[in-house]
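Asker: Hey, dropping entry.txt in here, compact mmCIF, C-alpha atoms:
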# COMPACT_ATOMS: atom_id res chain seq x y z
CA MET L 1 104.41 41.57 -51.79
CA ASP L 2 103.94 37.97 -50.77
CA GLU L 3 103.95 35.64 -53.76
CA HIS L 4 100.90 33.84 -52.39
CA GLU L 5 98.70 36.95 -52.44
CA PRO L 6 96.06 37.05 -55.24
CA ASN L 7 97.48 40.18 -56.89
CA ALA L 8 101.08 39.04 -56.82
CA GLU L 9 103.10 39.44 -60.04
CA PRO L 10 104.08 36.13 -61.68
CA ASN L 11 107.70 35.11 -61.42
CA ALA L 12 110.00 35.95 -64.37
CA PHE L 13 110.45 33.20 -66.95
CA GLU L 14 113.30 30.97 -65.91
CA VAL L 15 115.46 29.29 -68.56
CA THR L 16 116.34 25.79 -67.50
CA ARG L 17 118.11 22.91 -69.18
CA ARG L 18 114.73 21.23 -69.67
CA THR L 19 113.19 24.20 -71.47
CA VAL L 20 116.20 24.47 -73.78
CA ILE L 21 115.95 20.78 -74.72
CA GLU L 22 112.18 20.95 -75.22
CA THR L 23 112.43 24.10 -77.36
CA GLY L 24 115.21 22.62 -79.48
CA ALA L 25 113.33 19.37 -80.01
CA THR L 26 110.20 21.24 -81.07
CA ALA L 27 112.15 23.38 -83.55
CA LEU L 28 113.81 20.28 -84.99
CA LEU L 29 110.48 18.57 -85.53
CA LEU L 30 109.00 21.63 -87.20
CA THR L 31 111.89 21.88 -89.66
CA THR L 32 112.34 18.19 -90.47
CA LEU L 33 108.77 16.95 -90.71
CA PRO L 34 107.91 18.93 -93.86
CA ARG L 35 111.09 17.66 -95.53
CA ALA L 36 110.34 14.10 -94.51
CA ALA L 37 106.85 14.41 -95.94
CA LEU L 38 108.23 15.68 -99.26
CA ALA L 39 110.80 12.90 -99.34
CA ALA L 40 108.00 10.39 -98.89
CA GLY L 41 106.21 11.86 -101.89
CA GLU L 42 103.52 13.72 -100.00
CA ALA L 43 103.30 16.89 -102.08
CA ASP L 44 101.62 19.98 -100.75
CA ASP L 45 98.06 20.12 -102.15
CA ASN L 46 98.47 23.85 -102.68
CA GLU L 47 101.72 23.45 -104.64
CA PRO L 48 101.29 21.52 -107.90
CA LEU L 49 104.09 19.28 -109.13
CA PRO L 50 106.24 20.71 -111.92
CA PRO L 51 105.30 19.47 -115.39
CA PRO L 52 107.50 16.72 -116.85
CA VAL L 53 110.17 17.60 -119.38
CA LYS L 54 111.45 15.72 -122.39
CA VAL L 55 115.19 15.10 -122.39
CA GLU L 56 117.37 13.73 -125.18
CA LEU L 57 120.42 12.04 -123.68
CA GLN L 58 123.35 10.69 -125.71
CA ILE L 59 124.64 7.89 -123.51
CA ASN L 60 127.52 5.64 -124.54
CA GLY L 61 126.95 6.60 -128.15
CA GLN L 62 123.24 5.76 -128.09
CA PRO L 63 120.36 8.29 -128.07
CA HIS L 64 117.76 8.01 -125.32
CA SER L 65 114.56 10.03 -125.20
CA LEU L 66 113.11 10.34 -121.71
CA THR L 67 110.20 12.19 -120.15
CA LEU L 68 111.21 13.06 -116.61
CA ASP L 69 110.32 15.07 -113.58
CA PRO L 70 112.62 18.10 -114.01
CA ARG L 71 114.04 17.42 -110.54
CA THR L 72 115.39 13.99 -111.59
CA THR L 73 119.14 13.75 -111.13
CA LEU L 74 121.28 12.33 -113.89
CA LEU L 75 122.18 9.43 -111.59
CA ASP L 76 118.53 8.50 -111.05
CA ALA L 77 117.83 8.83 -114.78
CA LEU L 78 120.65 6.38 -115.52
CA ARG L 79 119.76 3.88 -112.83
CA GLU L 80 115.98 4.08 -112.56
CA HIS L 81 114.97 4.92 -116.13
CA LEU L 82 117.68 3.30 -118.26
CA ALA L 83 118.82 0.39 -116.04
CA LEU L 84 122.44 1.55 -116.29
CA THR L 85 123.27 0.55 -112.74
CA GLY L 86 127.04 0.58 -113.08
CA SER L 87 127.04 4.12 -111.69
CA LYS L 88 126.47 3.64 -107.97
CA LYS L 89 124.50 5.72 -105.52
CA GLY L 90 126.73 5.97 -102.48
CA CYS L 91 126.34 9.11 -100.40
CA ASP L 92 124.01 10.91 -102.85
CA HIS L 93 125.68 14.15 -101.72
CA GLY L 94 128.67 14.34 -104.07
CA GLN L 95 131.14 13.28 -101.40
CA CYS L 96 132.13 9.71 -102.33
CA GLY L 97 132.50 9.76 -106.13
CA ALA L 98 130.83 6.37 -106.69
CA CYS L 99 128.45 7.98 -109.21
CA THR L 100 131.15 9.61 -111.37
CA VAL L 101 130.45 9.66 -115.11
CA LEU L 102 131.95 11.56 -118.05
CA ILE L 103 130.04 14.37 -119.76
CA ASP L 104 131.67 15.61 -122.95
CA GLY L 105 134.85 14.01 -121.63
CA ARG L 106 134.80 15.77 -118.25
CA ARG L 107 134.16 13.86 -115.03
CA ILE L 108 131.18 14.84 -112.92
CA ASN L 109 129.25 13.53 -109.93
CA SER L 110 125.97 12.46 -111.52
CA CYS L 111 124.10 12.71 -108.21
CA LEU L 112 124.69 16.47 -108.12
CA THR L 113 123.39 17.38 -111.56
CA LEU L 114 119.95 17.24 -113.13
CA ALA L 115 119.32 15.10 -116.18
CA ALA L 116 117.49 18.01 -117.84
CA MET L 117 120.71 20.04 -117.75
CA HIS L 118 122.43 17.64 -120.14
CA ASP L 119 120.03 17.51 -123.04
CA GLY L 120 122.10 16.56 -126.10
CA HIS L 121 125.34 16.14 -124.18
CA SER L 122 127.61 13.15 -124.73
CA ILE L 123 127.54 11.03 -121.56
CA THR L 124 129.84 8.07 -120.91
CA THR L 125 129.21 5.66 -118.07
CA ILE L 126 131.26 2.67 -116.96
CA GLU L 127 129.16 0.52 -119.32
CA GLY L 128 130.44 2.52 -122.29
CA LEU L 129 134.20 2.33 -121.72
CA ALA L 130 134.84 -1.18 -123.04
CA ARG L 131 134.61 -2.03 -126.72
CA GLY L 132 132.83 -5.35 -126.76
CA ASP L 133 135.10 -7.86 -125.04
CA ASP L 134 138.05 -5.45 -125.14
CA LEU L 135 138.37 -3.71 -121.80
CA HIS L 136 139.38 -0.07 -121.55
CA PRO L 137 143.06 0.15 -120.51
CA LEU L 138 142.05 1.43 -117.09
CA GLN L 139 139.59 -1.41 -116.60
CA ALA L 140 142.28 -3.93 -117.54
CA ALA L 141 144.79 -2.24 -115.23
CA PHE L 142 142.34 -2.30 -112.30
CA VAL L 143 141.90 -6.03 -112.82
CA GLU L 144 145.64 -6.67 -113.13
CA HIS L 145 146.54 -4.65 -110.04
CA ASP L 146 143.54 -5.77 -107.98
CA GLY L 147 142.38 -2.16 -107.67
CA PHE L 148 139.10 -3.10 -106.04
CA GLN L 149 137.73 -5.24 -103.24
CA CYS L 150 133.99 -4.87 -102.67
CA GLY L 151 133.76 -3.12 -106.07
CA TYR L 152 131.14 -0.56 -105.09
CA CYS L 153 133.36 2.45 -105.80
CA THR L 154 135.14 0.90 -108.78
CA SER L 155 133.00 2.25 -111.61
CA GLY L 156 133.32 5.77 -110.24
CA GLN L 157 137.06 5.32 -109.66
CA ILE L 158 137.63 4.19 -113.25
CA CYS L 159 135.48 6.91 -114.82
CA SER L 160 137.17 9.51 -112.65
CA ALA L 161 140.61 8.18 -113.62
CA VAL L 162 139.72 8.44 -117.32
CA GLY L 163 138.73 12.07 -116.84
CA MET L 164 141.71 12.80 -114.62
CA LEU L 165 144.24 11.50 -117.16
CA ALA L 166 142.61 13.63 -119.84
CA GLU L 167 142.85 16.70 -117.57
CA SER L 168 146.52 15.98 -116.93
CA ARG L 169 147.26 15.67 -120.64
CA LEU L 170 145.69 19.10 -121.13
CA GLY L 171 148.10 20.52 -118.56
CA MET L 172 145.56 21.21 -115.83
CA PRO L 173 147.37 21.59 -112.48
CA SER L 174 146.26 20.19 -109.14
CA TYR L 175 146.50 21.46 -105.57
CA VAL L 176 149.91 19.77 -105.13
CA THR L 177 151.40 20.99 -108.43
CA GLU L 178 154.48 22.96 -107.42
CA ASP L 179 155.01 24.97 -110.61
CA LEU L 180 151.67 26.22 -111.94
CA THR L 181 153.32 27.65 -115.06
CA HIS L 182 154.73 24.24 -116.04
CA PRO L 183 152.44 21.43 -114.86
CA PRO L 184 154.21 18.06 -114.59
CA ALA L 185 154.65 16.14 -117.82
CA GLU L 186 154.33 12.92 -115.85
CA LEU L 187 152.09 12.16 -112.93
CA ASN L 188 153.70 11.08 -109.68
CA ASP L 189 151.97 9.29 -106.81
CA ALA L 190 151.19 12.54 -104.97
CA GLU L 191 149.59 14.06 -108.07
CA ILE L 192 147.47 10.96 -108.71
CA ARG L 193 146.29 10.75 -105.12
CA GLU L 194 145.35 14.44 -105.03
CA ARG L 195 143.57 14.36 -108.37
CA MET L 196 141.63 11.24 -107.34
CA SER L 197 140.84 12.48 -103.83
CA GLY L 198 137.17 12.97 -104.68
CA ASN L 199 136.72 9.21 -105.04
CA ILE L 200 136.59 7.31 -101.77
CA CYS L 201 137.37 3.61 -101.37
CA ARG L 202 136.10 2.29 -98.04
CA CYS L 203 138.13 -0.89 -98.60
CA ALA L 204 141.29 1.29 -98.80
CA ALA L 205 142.63 -0.19 -102.04
CA TYR L 206 144.35 3.11 -102.78
CA PRO L 207 147.90 1.78 -103.46
CA ASN L 208 146.49 -0.66 -106.01
CA ILE L 209 144.35 2.06 -107.59
CA VAL L 210 147.39 4.33 -107.96
CA ALA L 211 149.38 1.48 -109.51
CA ALA L 212 146.57 0.78 -111.99
CA ILE L 213 146.35 4.42 -113.01
CA LYS L 214 150.14 4.63 -113.46
CA GLN L 215 150.07 1.58 -115.72
CA ALA L 216 147.24 3.01 -117.83
CA ALA L 217 149.16 6.28 -118.11
CA GLY L 218 152.25 4.43 -119.37
CA MET L 219 154.23 5.08 -116.19
CA PRO L 220 156.44 2.50 -114.46
CA THR L 221 154.71 0.88 -111.49
Can you give me the file's structure in the form of structure tokens?

Answerer:
Amino acid sequence: MDEHEPNAEPNAFEVTRRTVIETGATALLLTTLPRAALAAGEADDNEPLPPPVKVELQINGQPHSLTLDPRTTLLDALREHLALTGSKKGCDHGQCGACTVLIDGRRINSCLTLAAMHDGHSITTIEGLARGDDLHPLQAAFVEHDGFQCGYCTSGQICSAVGMLAESRLGMPSYVTEDLTHPPAELNDAEIRERMSGNICRCAAYPNIVAAIKQAAGMPT
């Protein structure tokens, strides 16, 4: 049958490069626009906001009572509600380590945990390591070995190093530990680098950071 006749069947749908691009762009818009609206604070009228929660945080030896949106991260609680801005917001995805703090002595990325999850826990930030004018040994070692340049990652590096040295003293192995039944009594450069690999320094001051950690651990540099 001639395609120009009135009763002719329509041609089959033809997939072209243009239709693929248009379909993909439409799908992308449909999935990202709702998220963008939520990020901008435009809540769905049909979905009420969760009620605030009261959280008691023990930070650097001081109690803090906060009323927060339950979705507030620990990092945002520290920075936005308590003005403890030493913990930095870098990637906000737990990939750079700039927000590292200590919770009950264990290091954690504060951007990946909710403040409400740590009610009553003992939290130490970079502001709580020094004792008055007396720097923590790791802080002093970072200064002596010039373990920072721009300084943005430094608070997370130091807090992570404090937690890492404590883990090592407890005998916790790392990925590069050769004998898992007898973890190394002393840290070598490879162990330090592996254990600190979650903290990124864009200025690449890694040799100085390793030297500072070795000094604080009582190792020859």

Asker: Name the residues in contact with Asp146 of chain L at a cut-off of 9 Å, using all atoms listed in the file, excluding same-chain residues fewer than 2 positions from it; report them as a list in words.

Answerer: Ala141, Phe142, Val143, Glu144, Phe148, Gln149, Ala205, Asn208, Ile209 and Ala212 of chain L

Asker: Report the distance between atom CA of Thr125 of chain L and atom CA of Val101 of chain L in Å, rounded to one decimal place.

Answerer: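 Taking atom CA of Thr125 of chain L and atom CA of Val101 of chain L, their separation equals 5.1 Å.
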
Asker: Mind giving me the straight-line distance from atom CA of Gly120 of chain L to atom CA of Val55 of chain L in Å, one decimal?

Answerer: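 Pair atom CA of Gly120 of chain L / atom CA of Val55 of chain L returns 8.0 Å.
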
Asker: Using all atoms listed in the file, find all polymer residues with an atom at most 8 Å away from the point (119.5, 13.0, -111.6); report them as a ChimeraX atom specification.

Answerer: /L:71-78,110-115

Asker: Using all atoms listed in the file, pick whichever of L:Gly97, L:Gly151, L:Gly171, L:Gly156 has the shortest atom-to-atom distance to Ile126 of chain L.

Answerer: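 Closest candidate: L:Gly156.
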
Asker: How far is it from atom CA of Arg79 of chain L to atom CA of Arg193 of chain L, in Å with one decimal?

Answerer: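 So the answer is 28.5 Å.
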
Asker: With distances taken over all atoms listed in the file, which residue among L:Gln95, L:Cys201, L:Pro220, L:His64 lies nearest Cys150 of chain L?

Answerer: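 When distances to Cys150 of chain L are compared using all atoms listed in the file, the smallest one comes from L:Cys201.
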
Asker: Using all atoms listed in the file, list the residues that have an atom at most 8 Å from (115.7, 15.6, -128.2), coordinates as in the file, as a PyMOL selection string.

Answerer: chain L and resi 54-57+65+119-120

Asker: I want to know what sits within 8 Å of Leu102 of chain L, based on all atoms listed in the file, with residues of the same chain fewer than 4 positions away left out; could you give that as an mmCIF file with C-alpha atoms, in the coordinates of the input?

Answerer:
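Result file selection_22.cif:
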data_model
loop_
_atom_site.group_PDB
_atom_site.id
_atom_site.type_symbol
_atom_site.label_atom_id
_atom_site.label_comp_id
_atom_site.auth_asym_id
_atom_site.auth_seq_id
_atom_site.Cartn_x
_atom_site.Cartn_y
_atom_site.Cartn_z
ATOM 1 C CA ARG L 106 134.800 15.770 -118.250
ATOM 2 C CA ARG L 107 134.160 13.860 -115.030
ATOM 3 C CA ILE L 108 131.180 14.840 -112.920
ATOM 4 C CA ILE L 123 127.540 11.030 -121.560
ATOM 5 C CA THR L 124 129.840 8.070 -120.910
ATOM 6 C CA THR L 125 129.210 5.660 -118.070
ATOM 7 C CA CYS L 159 135.480 6.910 -114.820
ATOM 8 C CA SER L 160 137.170 9.510 -112.650
ATOM 9 C CA GLY L 163 138.730 12.070 -116.840
#

Asker: Have a look at L:Gly128, L:Pro63, L:Gly198, L:Pro70 and name the one nearest to Leu84 of chain L; count all atoms listed in the file.

Answerer: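 So, comparing all the options, the nearest one is L:Gly128.
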
Asker: Which neighbours of Asn188 of chain L fall inside 12 Å, counting only C-alpha atoms, when residues of the same chain fewer than 2 positions from it are skipped, and could you give them as an MDAnalysis selection string?

Answerer: chainID L and resid 168 174 176:177 183:186 190:195 210:211 213:215 217:221

Asker: Between L:Ala83, L:Asn109, L:Ser155, L:Ile59, which is the closest to His121 of chain L once you count only C-alpha atoms?

Answerer: L:Ile59
